[in-house]
Amino acid sequence: MYIHRFGAGSEPKGLWLHGWMGSGFEGNALSARLGGSLICPDLPGHGQTPLGEWTLSDVVKEIAVLAHGVSWVGGYSLGARILMMSAMAYPDVVGPMVLESGFWGYSTSEERQERKQTDRNRAEALLTNGLTRFTQCWYQHPMWGGYTPASRTGTESELAGALERFSSGLQPNLQPWLRTASSRVLWLAGKKDTAYATRADWVQTHTSHQVVLLDTGHNLHGEHPEAWAEAVNQFLLSSHQTEQE
């Protein structure tokens, strides 16, 4: 994977994973707001990392490798899903986690098959209509709350391939892991993103993880960066204090 590095210091403090159609370059603005250094890979099919032969399990393993030597990890949407899978597979590697608009997956094979077909249809629409037309429709979905992210990197074929290859229909159900995870977790969701706000309510009710809802759609760090940074910095400070106790 191509790795972006931002912020001062010889050793990175955090690892950040972008969402679908994003890139690691978004870590530039995030690092400045958090006041610390970040390493931010371009996930396969995005930015400067070709999709190649990468599988979901390959990415999960590589992210666990990158998590060595950082004090915290974070991810948005696709990135949050990958981080949860890495933490489940490699529990001794991944430290405090910031999970923004994450999804734990489906509990039945029927739901997983349906989601794989949905992502296959979306990939075909992207290839048929082109990136510009696809995104015009994509960001009309209610989950975005009227916000249109600026970062869209990659070609139609690479992004379509990534959508199918890293579909949430291929991941395990992570709810059992969330209930028992030893890692400290900050779970972030937007109030305007109703499906993910409902999932945040489940996390609040069934786990001990910290939950923060902002008045945004799906992309919290882009739409309301100041409030996002405040929530993350407070979480990281409390995690550091807990480790010292």
# chains A, B, ... in the order shown; residues from 1 in each chain; ligands from 1
$ residues_around --residues "segment 108-124 of chain A" --least-positions-apart "4" --cutoff "12 Å" --atoms "only C-alpha atoms" --output "ChimeraX atom specification"
/A:20,104,128-131,134-135,137-138,155-173
$ closest_atom_pairs --of "segment 15-85 of chain A" --to "segment 182-185 of chain A" --cutoff "10 Å" --atoms "only C-alpha atoms" --output "CSV"
residue,atom,partner,partner_atom,distance
A:Trp72,CA,A:Arg184,CA,9.7
A:Val73,CA,A:Val185,CA,9.8
A:Gly74,CA,A:Val185,CA,9.5
$ select_by_dssp --residues "segment 51-218 of chain A" --states "helix (DSSP H, G or I)" --output "ChimeraX atom specification"
/A:56-67,78-89,109-129,131-138,142-144,156-165,168-170,175-180,194-206
$ write_last_selection --atoms "C-alpha atoms" --output "CSV table (one decimal), in the first residue's frame"
chain,number,residue,atom,x,y,z
A,56,LEU,CA,-10.2,-8.4,2.1
A,57,SER,CA,-8.2,-10.8,4.3
A,58,ASP,CA,-5.0,-9.4,2.8
A,59,VAL,CA,-6.0,-5.9,3.7
A,60,VAL,CA,-7.0,-6.9,7.2
A,61,LYS,CA,-3.6,-8.5,7.8
A,62,GLU,CA,-1.7,-5.6,6.3
A,63,ILE,CA,-3.5,-3.1,8.5
A,64,ALA,CA,-2.6,-5.1,11.6
A,65,VAL,CA,1.1,-4.8,10.5
A,66,LEU,CA,0.7,-1.0,10.1
A,67,ALA,CA,-0.9,-0.8,13.5
A,78,LEU,CA,-14.9,1.1,4.9
A,79,GLY,CA,-11.9,2.0,7.0
A,80,ALA,CA,-13.8,1.4,10.2
A,81,ARG,CA,-15.0,-2.0,9.0
A,82,ILE,CA,-11.4,-3.0,8.2
A,83,LEU,CA,-10.1,-1.9,11.5
A,84,MET,CA,-12.7,-3.9,13.4
A,85,MET,CA,-11.8,-7.0,11.4
A,86,SER,CA,-8.1,-6.4,12.1
A,87,ALA,CA,-8.8,-5.9,15.9
A,88,MET,CA,-10.8,-9.1,16.0
A,89,ALA,CA,-8.2,-11.1,14.1
A,109,SER,CA,-26.1,-15.6,5.0
A,110,GLU,CA,-29.2,-14.3,3.2
A,111,GLU,CA,-28.4,-10.7,4.2
A,112,ARG,CA,-24.8,-11.1,3.2
A,113,GLN,CA,-25.8,-12.4,-0.3
A,114,GLU,CA,-28.2,-9.5,-0.7
A,115,ARG,CA,-25.5,-7.0,0.2
A,116,LYS,CA,-23.0,-8.6,-2.2
A,117,GLN,CA,-25.6,-8.3,-5.0
A,118,THR,CA,-26.3,-4.7,-4.1
A,119,ASP,CA,-22.6,-3.8,-4.3
A,120,ARG,CA,-22.3,-5.7,-7.5
A,121,ASN,CA,-25.2,-3.6,-9.0
A,122,ARG,CA,-23.6,-0.4,-7.7
A,123,ALA,CA,-20.3,-1.4,-9.3
A,124,GLU,CA,-22.0,-2.0,-12.6
A,125,ALA,CA,-23.7,1.4,-12.4
A,126,LEU,CA,-20.4,3.1,-11.7
A,127,LEU,CA,-18.8,1.4,-14.7
A,128,THR,CA,-21.8,2.2,-17.0
A,129,ASN,CA,-22.5,5.8,-15.9
A,131,LEU,CA,-17.7,8.5,-11.9
A,132,THR,CA,-19.1,11.9,-12.2
A,133,ARG,CA,-22.7,10.8,-13.0
A,134,PHE,CA,-22.5,8.0,-10.4
A,135,THR,CA,-21.4,10.4,-7.6
A,136,GLN,CA,-24.1,12.9,-8.5
A,137,CYS,CA,-26.6,10.2,-7.7
A,138,TRP,CA,-24.7,8.6,-4.8
A,142,PRO,CA,-30.3,10.6,2.6
A,143,MET,CA,-27.4,9.1,4.6
A,144,TRP,CA,-25.2,12.1,3.5
A,156,GLU,CA,-14.2,3.7,-12.3
A,157,SER,CA,-12.7,0.2,-12.7
A,158,GLU,CA,-10.6,0.4,-9.6
A,159,LEU,CA,-13.3,1.8,-7.4
A,160,ALA,CA,-15.9,-0.6,-8.7
A,161,GLY,CA,-13.5,-3.5,-8.0
A,162,ALA,CA,-12.9,-2.3,-4.5
A,163,LEU,CA,-16.6,-1.9,-3.8
A,164,GLU,CA,-17.2,-5.6,-4.7
A,165,ARG,CA,-14.0,-7.0,-3.2
A,168,SER,CA,-19.7,-5.7,3.8
A,169,GLY,CA,-21.4,-8.8,2.5
A,170,LEU,CA,-18.0,-10.5,2.7
A,175,GLN,CA,-21.4,-7.7,16.9
A,176,PRO,CA,-20.1,-10.5,19.2
A,177,TRP,CA,-16.6,-8.9,19.0
A,178,LEU,CA,-18.0,-5.5,19.9
A,179,ARG,CA,-19.6,-6.8,23.0
A,180,THR,CA,-16.4,-8.3,24.3
A,194,THR,CA,-30.5,7.4,10.5
A,195,ALA,CA,-29.3,3.8,9.9
A,196,TYR,CA,-25.9,4.5,11.5
A,197,ALA,CA,-27.5,6.5,14.3
A,198,THR,CA,-29.6,3.5,15.1
A,199,ARG,CA,-26.5,1.3,15.1
A,200,ALA,CA,-24.9,3.8,17.5
A,201,ASP,CA,-27.8,3.4,19.8
A,202,TRP,CA,-27.2,-0.4,19.8
A,203,VAL,CA,-23.5,0.2,20.7
A,204,GLN,CA,-24.6,2.5,23.5
A,205,THR,CA,-27.0,0.0,24.9
A,206,HIS,CA,-25.1,-3.3,24.5
$ select_by_dssp --residues "segment 109-229 of chain A" --states "strand (DSSP E or B)" --output "VMD selection string"
chain A and resid 185 to 190 210 to 214
$ write_last_selection --atoms "N, CA and C atoms" --output "PDB file, in the first residue's frame"
ATOM      1  N   VAL A 185     -12.930   1.940  22.598  1.00  0.00           N
ATOM      2  CA  VAL A 185     -13.530   2.299  21.314  1.00  0.00           C
ATOM      3  C   VAL A 185     -14.331   3.580  21.459  1.00  0.00           C
ATOM      4  N   LEU A 186     -14.096   4.507  20.532  1.00  0.00           N
ATOM      5  CA  LEU A 186     -14.979   5.660  20.353  1.00  0.00           C
ATOM      6  C   LEU A 186     -15.793   5.409  19.101  1.00  0.00           C
ATOM      7  N   TRP A 187     -17.116   5.329  19.264  1.00  0.00           N
ATOM      8  CA  TRP A 187     -18.020   5.043  18.147  1.00  0.00           C
ATOM      9  C   TRP A 187     -18.704   6.343  17.741  1.00  0.00           C
ATOM     10  N   LEU A 188     -18.446   6.792  16.524  1.00  0.00           N
ATOM     11  CA  LEU A 188     -18.974   8.059  16.032  1.00  0.00           C
ATOM     12  C   LEU A 188     -20.009   7.828  14.938  1.00  0.00           C
ATOM     13  N   ALA A 189     -21.099   8.589  14.986  1.00  0.00           N
ATOM     14  CA  ALA A 189     -22.122   8.508  13.945  1.00  0.00           C
ATOM     15  C   ALA A 189     -22.812   9.855  13.818  1.00  0.00           C
ATOM     16  N   GLY A 190     -23.423  10.086  12.643  1.00  0.00           N
ATOM     17  CA  GLY A 190     -24.140  11.324  12.397  1.00  0.00           C
ATOM     18  C   GLY A 190     -25.634  11.159  12.644  1.00  0.00           C
ATOM     19  N   GLN A 210     -17.616   4.138  24.240  1.00  0.00           N
ATOM     20  CA  GLN A 210     -18.070   5.521  24.211  1.00  0.00           C
ATOM     21  C   GLN A 210     -18.714   5.820  22.866  1.00  0.00           C
ATOM     22  N   VAL A 211     -19.868   6.455  22.892  1.00  0.00           N
ATOM     23  CA  VAL A 211     -20.611   6.790  21.676  1.00  0.00           C
ATOM     24  C   VAL A 211     -20.821   8.298  21.614  1.00  0.00           C
ATOM     25  N   VAL A 212     -20.529   8.883  20.458  1.00  0.00           N
ATOM     26  CA  VAL A 212     -20.763  10.305  20.228  1.00  0.00           C
ATOM     27  C   VAL A 212     -21.530  10.467  18.922  1.00  0.00           C
ATOM     28  N   LEU A 213     -22.646  11.204  18.987  1.00  0.00           N
ATOM     29  CA  LEU A 213     -23.438  11.536  17.805  1.00  0.00           C
ATOM     30  C   LEU A 213     -23.263  13.016  17.503  1.00  0.00           C
ATOM     31  N   LEU A 214     -22.961  13.334  16.244  1.00  0.00           N
ATOM     32  CA  LEU A 214     -22.862  14.724  15.811  1.00  0.00           C
ATOM     33  C   LEU A 214     -24.011  15.046  14.863  1.00  0.00           C
TER      34      LEU A 214
END
$ atom_distance --atom1 "atom CA of Tyr139 of chain A" --atom2 "atom CA of His46 of chain A"
18.5 Å
